[in-house]
file start-v7.tsv (TSV, C-alpha atoms)
chain	number	residue	atom	x	y	z
A	1	MET	CA	0.00	0.00	0.00
A	2	GLN	CA	1.56	3.26	-1.16
A	3	ILE	CA	0.17	6.21	0.80
A	4	ASP	CA	0.56	9.49	-1.03
A	5	LEU	CA	-0.36	12.67	0.85
A	6	SER	CA	1.21	15.04	-1.64
A	7	GLY	CA	-0.60	18.36	-1.75
A	8	ARG	CA	-2.01	17.95	1.78
A	9	THR	CA	-1.03	20.10	4.73
A	10	ALA	CA	-0.90	18.51	8.18
A	11	LEU	CA	-0.58	20.10	11.62
A	12	VAL	CA	0.61	17.80	14.41
A	13	THR	CA	0.28	19.34	17.86
A	14	GLY	CA	2.83	18.61	20.57
A	15	SER	CA	5.19	17.17	17.98
A	16	THR	CA	8.65	18.15	19.18
A	17	GLN	CA	9.17	14.69	20.69
A	18	GLY	CA	7.67	11.26	21.27
A	19	ILE	CA	4.56	10.07	19.44
A	20	GLY	CA	3.88	13.48	17.90
A	21	HIS	CA	7.38	13.64	16.43
A	22	ALA	CA	6.98	10.14	14.98
A	23	ILE	CA	3.61	11.09	13.46
A	24	ALA	CA	5.04	14.26	11.92
A	25	THR	CA	7.86	12.20	10.42
A	26	GLY	CA	5.47	9.58	9.06
A	27	LEU	CA	3.21	12.16	7.43
A	28	ALA	CA	6.20	13.94	5.89
A	29	ARG	CA	7.49	10.64	4.49
A	30	ALA	CA	4.07	10.16	2.87
A	31	GLY	CA	4.47	13.48	1.08
A	32	ALA	CA	2.42	15.83	3.25
A	33	ARG	CA	3.51	19.35	4.06
A	34	VAL	CA	3.93	19.06	7.82
A	35	ILE	CA	3.69	21.74	10.50
A	36	VAL	CA	5.42	20.87	13.77
A	37	ASN	CA	4.05	22.46	16.94
A	38	GLY	CA	5.42	23.12	20.39
A	39	ARG	CA	5.67	25.88	22.99
A	40	ASP	CA	9.41	26.55	22.76
A	41	GLU	CA	10.84	28.14	19.63
A	42	LYS	CA	14.22	26.39	19.88
A	43	ARG	CA	12.68	22.97	20.42
A	44	VAL	CA	10.31	23.48	17.49
A	45	ALA	CA	13.21	24.51	15.24
A	46	GLU	CA	15.19	21.43	16.27
A	47	ALA	CA	12.16	19.17	15.69
A	48	VAL	CA	11.65	20.66	12.23
A	49	ARG	CA	15.29	19.88	11.46
A	50	THR	CA	15.07	16.27	12.68
A	51	VAL	CA	11.76	15.57	10.91
A	52	ARG	CA	13.19	16.94	7.66
A	53	ALA	CA	16.25	14.73	8.02
A	54	ALA	CA	14.32	11.60	8.96
A	55	ALA	CA	11.66	12.04	6.28
A	56	GLY	CA	13.95	13.30	3.53
A	57	SER	CA	11.64	16.27	3.01
A	58	ASP	CA	12.20	20.01	3.12
A	59	ASP	CA	8.47	20.67	3.29
A	60	VAL	CA	8.38	20.81	7.08
A	61	THR	CA	7.81	24.01	9.04
A	62	GLY	CA	7.07	25.02	12.61
A	63	ALA	CA	4.24	26.76	14.46
A	64	VAL	CA	5.14	27.93	17.96
A	65	GLY	CA	2.33	28.34	20.49
A	66	ASP	CA	0.91	26.99	23.73
A	67	LEU	CA	-2.38	25.49	22.56
A	68	ALA	CA	-3.72	25.32	26.11
A	69	THR	CA	-4.17	29.11	25.90
A	70	ASP	CA	-6.20	31.37	23.63
A	71	GLU	CA	-3.08	33.41	22.83
A	72	GLY	CA	-1.03	30.38	21.87
A	73	THR	CA	-3.84	29.01	19.74
A	74	ALA	CA	-4.16	32.34	17.93
A	75	ALA	CA	-0.42	32.32	17.21
A	76	VAL	CA	-0.60	28.84	15.69
A	77	LEU	CA	-3.67	29.69	13.63
A	78	LYS	CA	-1.89	32.77	12.29
A	79	THR	CA	1.04	30.61	11.18
A	80	ALA	CA	-1.19	27.80	9.88
A	81	PRO	CA	-4.55	29.33	8.88
A	82	GLY	CA	-5.76	26.23	7.07
A	83	VAL	CA	-4.86	22.53	7.12
A	84	ASP	CA	-6.16	19.35	5.51
A	85	ILE	CA	-5.02	17.01	8.29
A	86	LEU	CA	-5.24	17.91	11.97
A	87	VAL	CA	-3.59	15.58	14.46
A	88	ASN	CA	-4.39	16.56	18.04
A	89	ASN	CA	-1.52	14.85	19.81
A	90	LEU	CA	-0.77	17.38	22.54
A	91	GLY	CA	-1.19	15.96	26.02
A	92	ILE	CA	0.18	15.81	29.53
A	93	PHE	CA	0.14	12.87	31.93
A	94	GLY	CA	1.42	11.81	35.31
A	95	SER	CA	0.55	9.75	38.33
A	96	ALA	CA	-1.10	11.15	41.46
A	97	ASP	CA	-3.09	10.06	44.49
A	98	PRO	CA	-6.64	10.54	43.17
A	99	LEU	CA	-7.82	12.06	46.43
A	100	GLU	CA	-5.01	14.61	46.36
A	101	ILE	CA	-5.69	16.06	42.89
A	102	ASP	CA	-7.05	19.56	43.40
A	103	ASP	CA	-9.46	21.51	41.20
A	104	ALA	CA	-6.69	23.47	39.50
A	105	GLU	CA	-4.96	20.27	38.38
A	106	TRP	CA	-8.21	18.80	37.04
A	107	ARG	CA	-8.76	22.01	35.05
A	108	ARG	CA	-5.16	22.02	33.77
A	109	TYR	CA	-5.47	18.50	32.42
A	110	PHE	CA	-8.79	19.31	30.74
A	111	GLU	CA	-7.44	22.52	29.18
A	112	VAL	CA	-4.34	20.87	27.73
A	113	ASN	CA	-5.68	17.46	26.74
A	114	VAL	CA	-9.23	18.27	25.64
A	115	LEU	CA	-9.91	21.95	25.02
A	116	SER	CA	-6.73	22.40	22.98
A	117	ALA	CA	-8.15	19.84	20.55
A	118	VAL	CA	-11.64	21.33	20.56
A	119	ARG	CA	-10.30	24.81	19.79
A	120	LEU	CA	-8.43	23.61	16.72
A	121	ILE	CA	-11.30	21.46	15.47
A	122	ARG	CA	-13.59	24.50	15.69
A	123	ALA	CA	-11.04	26.50	13.71
A	124	TYR	CA	-10.19	24.01	10.98
A	125	LEU	CA	-13.26	21.81	10.48
A	126	PRO	CA	-15.37	24.41	8.63
A	127	GLY	CA	-12.68	24.82	5.95
A	128	MET	CA	-12.31	21.07	5.57
A	129	LYS	CA	-16.06	20.67	5.12
A	130	GLU	CA	-16.16	23.48	2.58
A	131	ARG	CA	-13.34	21.88	0.55
A	132	GLY	CA	-14.95	18.44	0.78
A	133	TRP	CA	-11.93	16.67	2.25
A	134	GLY	CA	-10.18	16.55	5.59
A	135	ARG	CA	-8.91	14.39	8.40
A	136	VAL	CA	-9.15	15.06	12.13
A	137	LEU	CA	-7.32	12.60	14.38
A	138	ASN	CA	-7.37	12.85	18.17
A	139	LEU	CA	-4.75	10.90	20.10
A	140	ALA	CA	-6.50	9.10	22.94
A	141	SER	CA	-5.13	6.32	25.12
A	142	ASP	CA	-5.91	2.95	26.60
A	143	SER	CA	-6.47	5.00	29.77
A	144	ALA	CA	-9.64	6.31	28.14
A	145	VAL	CA	-11.16	2.85	28.55
A	146	VAL	CA	-9.10	1.20	31.29
A	147	ILE	CA	-8.84	4.05	33.80
A	148	PRO	CA	-5.68	3.65	35.94
A	149	ALA	CA	-6.23	4.36	39.62
A	150	GLU	CA	-3.08	6.47	39.67
A	151	MET	CA	-4.08	8.50	36.58
A	152	ILE	CA	-7.80	9.20	36.92
A	153	HIS	CA	-7.44	12.83	35.85
A	154	TYR	CA	-5.54	11.79	32.72
A	155	GLY	CA	-7.95	8.96	31.88
A	156	MET	CA	-10.89	11.36	32.17
A	157	THR	CA	-9.42	13.61	29.48
A	158	LYS	CA	-8.80	10.74	27.09
A	159	THR	CA	-12.34	9.43	27.57
A	160	SER	CA	-13.52	12.93	26.73
A	161	LEU	CA	-11.57	12.84	23.46
A	162	LEU	CA	-13.49	9.74	22.39
A	163	ALA	CA	-16.72	11.68	22.83
A	164	VAL	CA	-15.30	14.74	21.09
A	165	SER	CA	-14.25	12.61	18.11
A	166	ARG	CA	-17.59	10.87	17.77
A	167	GLY	CA	-19.54	14.10	18.10
A	168	PHE	CA	-17.55	16.07	15.54
A	169	ALA	CA	-17.67	13.09	13.15
A	170	LYS	CA	-21.45	13.48	13.21
A	171	ASP	CA	-21.10	17.20	12.55
A	172	ALA	CA	-18.96	16.38	9.50
A	173	ALA	CA	-21.31	13.67	8.19
A	174	GLY	CA	-21.54	13.50	4.40
A	175	THR	CA	-18.87	16.15	3.79
A	176	GLY	CA	-15.87	14.00	2.87
A	177	VAL	CA	-14.23	14.81	6.21
A	178	THR	CA	-13.49	12.04	8.69
A	179	VAL	CA	-12.93	12.40	12.43
A	180	ASN	CA	-11.44	9.57	14.45
A	181	SER	CA	-9.58	8.92	17.66
A	182	VAL	CA	-6.57	6.65	18.05
A	183	ILE	CA	-6.29	4.66	21.27
A	184	ALA	CA	-2.58	4.41	21.86
A	185	GLY	CA	-1.32	1.80	24.29
A	186	PRO	CA	1.67	2.13	26.63
A	187	THR	CA	4.32	3.66	24.38
A	188	ARG	CA	8.03	4.15	24.86
A	189	THR	CA	8.66	7.90	24.97
A	190	GLY	CA	10.88	10.03	27.15
A	191	GLY	CA	7.95	10.95	29.35
A	192	VAL	CA	6.87	7.33	29.73
A	193	GLU	CA	10.40	6.27	30.59
A	194	ASP	CA	10.36	8.86	33.37
A	195	PHE	CA	6.93	7.56	34.43
A	196	VAL	CA	8.21	3.99	34.54
A	197	ARG	CA	11.13	5.07	36.71
A	198	GLU	CA	8.76	7.00	38.95
A	199	LEU	CA	6.78	3.82	39.61
A	200	VAL	CA	9.49	1.12	39.71
A	201	GLY	CA	12.57	3.09	40.75
A	202	ASP	CA	15.99	3.82	39.25
A	203	GLU	CA	17.87	0.76	40.46
A	204	LEU	CA	17.01	-1.70	37.68
A	205	PRO	CA	18.47	-1.63	34.15
A	206	TRP	CA	15.97	-0.29	31.60
A	207	ASP	CA	14.94	-3.67	30.13
A	208	GLN	CA	14.18	-5.04	33.59
A	209	ALA	CA	12.45	-1.84	34.68
A	210	GLN	CA	10.23	-1.91	31.59
A	211	HIS	CA	9.38	-5.58	32.18
A	212	GLU	CA	8.49	-4.96	35.83
A	213	PHE	CA	6.33	-1.99	34.84
A	214	MET	CA	4.40	-4.01	32.26
A	215	VAL	CA	3.91	-6.99	34.58
A	216	LYS	CA	2.87	-4.94	37.60
A	217	TYR	CA	1.05	-1.95	36.12
A	218	ARG	CA	0.01	-2.98	32.58
A	219	PRO	CA	-0.41	-6.78	32.73
A	220	GLN	CA	-3.23	-6.77	30.15
A	221	SER	CA	-0.80	-6.01	27.28
A	222	LEU	CA	-0.75	-8.87	24.79
A	223	ILE	CA	2.57	-7.84	23.25
A	224	GLN	CA	4.08	-7.54	26.76
A	225	ARG	CA	6.29	-4.59	25.87
A	226	LEU	CA	6.06	-0.87	25.38
A	227	ILE	CA	4.94	0.18	21.92
A	228	GLU	CA	7.35	2.19	19.77
A	229	PRO	CA	6.13	5.66	18.70
A	230	GLU	CA	6.47	4.70	15.03
A	231	GLU	CA	3.91	1.96	15.53
A	232	ILE	CA	1.33	4.55	16.56
A	233	ALA	CA	2.37	6.77	13.67
A	234	HIS	CA	1.70	4.02	11.11
A	235	LEU	CA	-1.98	3.89	12.07
A	236	VAL	CA	-2.29	7.68	12.09
A	237	VAL	CA	-0.76	7.99	8.62
A	238	TYR	CA	-3.17	5.38	7.28
A	239	LEU	CA	-6.18	7.13	8.83
A	240	ALA	CA	-4.98	10.41	7.33
A	241	SER	CA	-4.91	8.86	3.87
A	242	PRO	CA	-7.57	8.44	1.18
A	243	PHE	CA	-7.55	4.69	1.92
A	244	ALA	CA	-9.39	5.38	5.20
A	245	SER	CA	-12.27	7.28	3.57
A	246	ALA	CA	-14.92	4.93	5.04
A	247	THR	CA	-13.55	5.10	8.59
A	248	THR	CA	-15.03	7.89	10.69
A	249	GLY	CA	-16.44	8.36	14.15
A	250	GLY	CA	-14.27	5.49	15.32
A	251	ALA	CA	-11.87	4.76	18.16
A	252	LEU	CA	-9.10	2.79	16.49
A	253	ARG	CA	-6.66	0.88	18.66
A	254	ALA	CA	-2.88	0.67	18.46
A	255	ASP	CA	-2.67	-0.59	22.01
A	256	GLY	CA	-0.83	-3.89	21.85
A	257	GLY	CA	-4.05	-5.67	22.79
A	258	TYR	CA	-4.11	-3.85	26.13
A	259	VAL	CA	-7.83	-3.06	26.14
A	260	ASP	CA	-9.61	-6.34	26.93
A	261	SER	CA	-12.48	-5.85	24.55
A	262	ILE	CA	-13.42	-6.79	20.99
A	263	LEU	CA	-14.78	-3.27	20.44
A	264	PRO	CA	-13.76	-0.54	19.90
call {"tool": "encode", "arguments": {"input": "start-v7.tsv", "output": "structure tokens"}}
result
Amino acid sequence: MQIDLSGRTALVTGSTQGIGHAIATGLARAGARVIVNGRDEKRVAEAVRTVRAAAGSDDVTGAVGDLATDEGTAAVLKTAPGVDILVNNLGIFGSADPLEIDDAEWRRYFEVNVLSAVRLIRAYLPGMKERGWGRVLNLASDSAVVIPAEMIHYGMTKTSLLAVSRGFAKDAAGTGVTVNSVIAGPTRTGGVEDFVRELVGDELPWDQAQHEFMVKYRPQSLIQRLIEPEEIAHLVVYLASPFASATTGGALRADGGYVDSILP
């Protein structure tokens, strides 16, 4: 299957590292013009450089802005006023005693993980519908379905994204625009490596620490390892392509079999 996204413009939020960076690289390799996003100008510039090098494409630019704020969103929209593919990847996560999470922290997680996506969908979806083609992809998580006790606030935001995706898919019905969410399983990123160390300690070598984390905290995984960011990116690139034209309103899983359910 040869995916060709030539002539399409894609914005990937939170794409200076991890899954977002892998998605940006995958889309660029498929021929899309890719816009990398982050809050820090230097980190965005470095990510643009590394995506260009990895994808063998010069058609990669940056859009600096904190999408959890109105000001940051306005800055990104000024740089990227219209896109064909929107990948809402931006997100924060961390463990906490559920009874110790205060109102401000609940609001912060909702602002960053949910409202940042909603703001951009509101901005870009009308243009996609008018042009008769577009892709909106919201990065959810296995935590949307299997809520971890130590990450209730995070799980809540990812469950919300499933609802956001389904609702906006209905709004875009019959227009040629698809809206989907991707349920990513436990994935090896810098942040997750820190999270693993937070839970299992710094004493063990990485391979042993990862194994202990999966056995103790994520035993449902059928692949019994952390997923690589590129494995999530492969599904996103497919869903962004014309081949996925009949897939919308869905919650598609790249979770290593973590969610113990036939559907979604």
call {"tool": "residues_around", "arguments": {"input": "start-v7.tsv", "residues": "region 224-237 of chain A", "least_positions_apart": "4", "cutoff": "8 Å", "atoms": "only C-alpha atoms", "output": "list in words"}}
result
Gly18, Ile19, Ala22, Ile23, Gly26, Leu27, Ala30, Leu137, Val182, Ala184, Gly185, Pro186, Thr187, Arg188, Thr189, Gln210, His211, Met214, Val215, Pro219, Ser241, Ala254, Asp255 and Gly256 of chain A
call {"tool": "closest_atom_pairs", "arguments": {"input": "start-v7.tsv", "of": "region 135-193 of chain A", "to": "region 70-90 of chain A", "cutoff": "12 Å", "atoms": "only C-alpha atoms", "output": "CSV"}}
result
residue,atom,partner,partner_atom,distance
A:Arg135,CA,A:Ile85,CA,4.7
A:Val136,CA,A:Leu86,CA,4.8
A:Leu137,CA,A:Val87,CA,4.8
A:Asn138,CA,A:Asn88,CA,4.8
A:Leu139,CA,A:Asn89,CA,5.1
A:Ala140,CA,A:Asn89,CA,8.2
A:Ser141,CA,A:Asn89,CA,10.7
A:Thr157,CA,A:Leu90,CA,11.7
A:Lys158,CA,A:Asn89,CA,11.1
A:Leu161,CA,A:Asn88,CA,9.7
A:Val164,CA,A:Asn88,CA,11.5
A:Ser165,CA,A:Asn88,CA,10.6
A:Gly176,CA,A:Asp84,CA,11.4
A:Val177,CA,A:Asp84,CA,9.3
A:Thr178,CA,A:Ile85,CA,9.8
A:Val179,CA,A:Leu86,CA,9.5
A:Asn180,CA,A:Val87,CA,9.9
A:Ser181,CA,A:Asn88,CA,9.2
A:Val182,CA,A:Asn89,CA,9.8
A:Ile183,CA,A:Asn89,CA,11.3
A:Ala184,CA,A:Asn89,CA,10.7
call {"tool": "closest_residue", "arguments": {"input": "start-v7.tsv", "among": "A:Ala240, A:Ala96, A:Ala45, A:Ile121", "to": "Leu199 (chain A)", "atoms": "only C-alpha atoms"}}
result
A:Ala96
call {"tool": "closest_residue", "arguments": {"input": "start-v7.tsv", "among": "A:Ala32, A:Gly91, A:Ile262, A:Gln220", "to": "Leu115 (chain A)", "atoms": "all atoms listed in the file"}}
result
A:Gly91
call {"tool": "atom_distance", "arguments": {"input": "start-v7.tsv", "atom1": "CA of Val34 (chain A)", "atom2": "CA of Val12 (chain A)"}}
result
7.5 Å
call {"tool": "closest_residue", "arguments": {"input": "start-v7.tsv", "among": "A:Ser95, A:Asn37, A:Thr175, A:Ser116", "to": "Ile147 (chain A)", "atoms": "only C-alpha atoms"}}
result
A:Ser95
call {"tool": "closest_residue", "arguments": {"input": "start-v7.tsv", "among": "A:Arg119, A:Lys129, A:Arg166, A:Arg107", "to": "Tyr154 (chain A)", "atoms": "only C-alpha atoms"}}
result
A:Arg107
call {"tool": "closest_residue", "arguments": {"input": "start-v7.tsv", "among": "A:Leu99, A:Ile92, A:Val145, A:Ala172", "to": "Leu125 (chain A)", "atoms": "only C-alpha atoms"}}
result
A:Ala172
call {"tool": "atom_distance", "arguments": {"input": "start-v7.tsv", "atom1": "CA of Leu120 (chain A)", "atom2": "CA of Gly14 (chain A)"}}
result
12.9 Å
call {"tool": "atom_distance", "arguments": {"input": "start-v7.tsv", "atom1": "CA of Gly167 (chain A)", "atom2": "CA of Gly249 (chain A)"}}
result
7.6 Å
call {"tool": "residues_around", "arguments": {"input": "start-v7.tsv", "residues": "Glu111 (chain A)", "least_positions_apart": "5", "cutoff": "9 Å", "atoms": "only C-alpha atoms", "output": "PyMOL selection string"}}
result
chain A and resi 67-69+106+116
call {"tool": "closest_residue", "arguments": {"input": "start-v7.tsv", "among": "A:Ser6, A:Thr247, A:Thr50, A:Thr16", "to": "Ala173 (chain A)", "atoms": "only C-alpha atoms"}}
result
A:Thr247
call {"tool": "residues_around", "arguments": {"input": "start-v7.tsv", "residues": "Tyr238 (chain A)", "least_positions_apart": "5", "cutoff": "8 Å", "atoms": "only C-alpha atoms", "output": "list in words"}}
result
Ile3, Phe243 and Ala244 of chain A
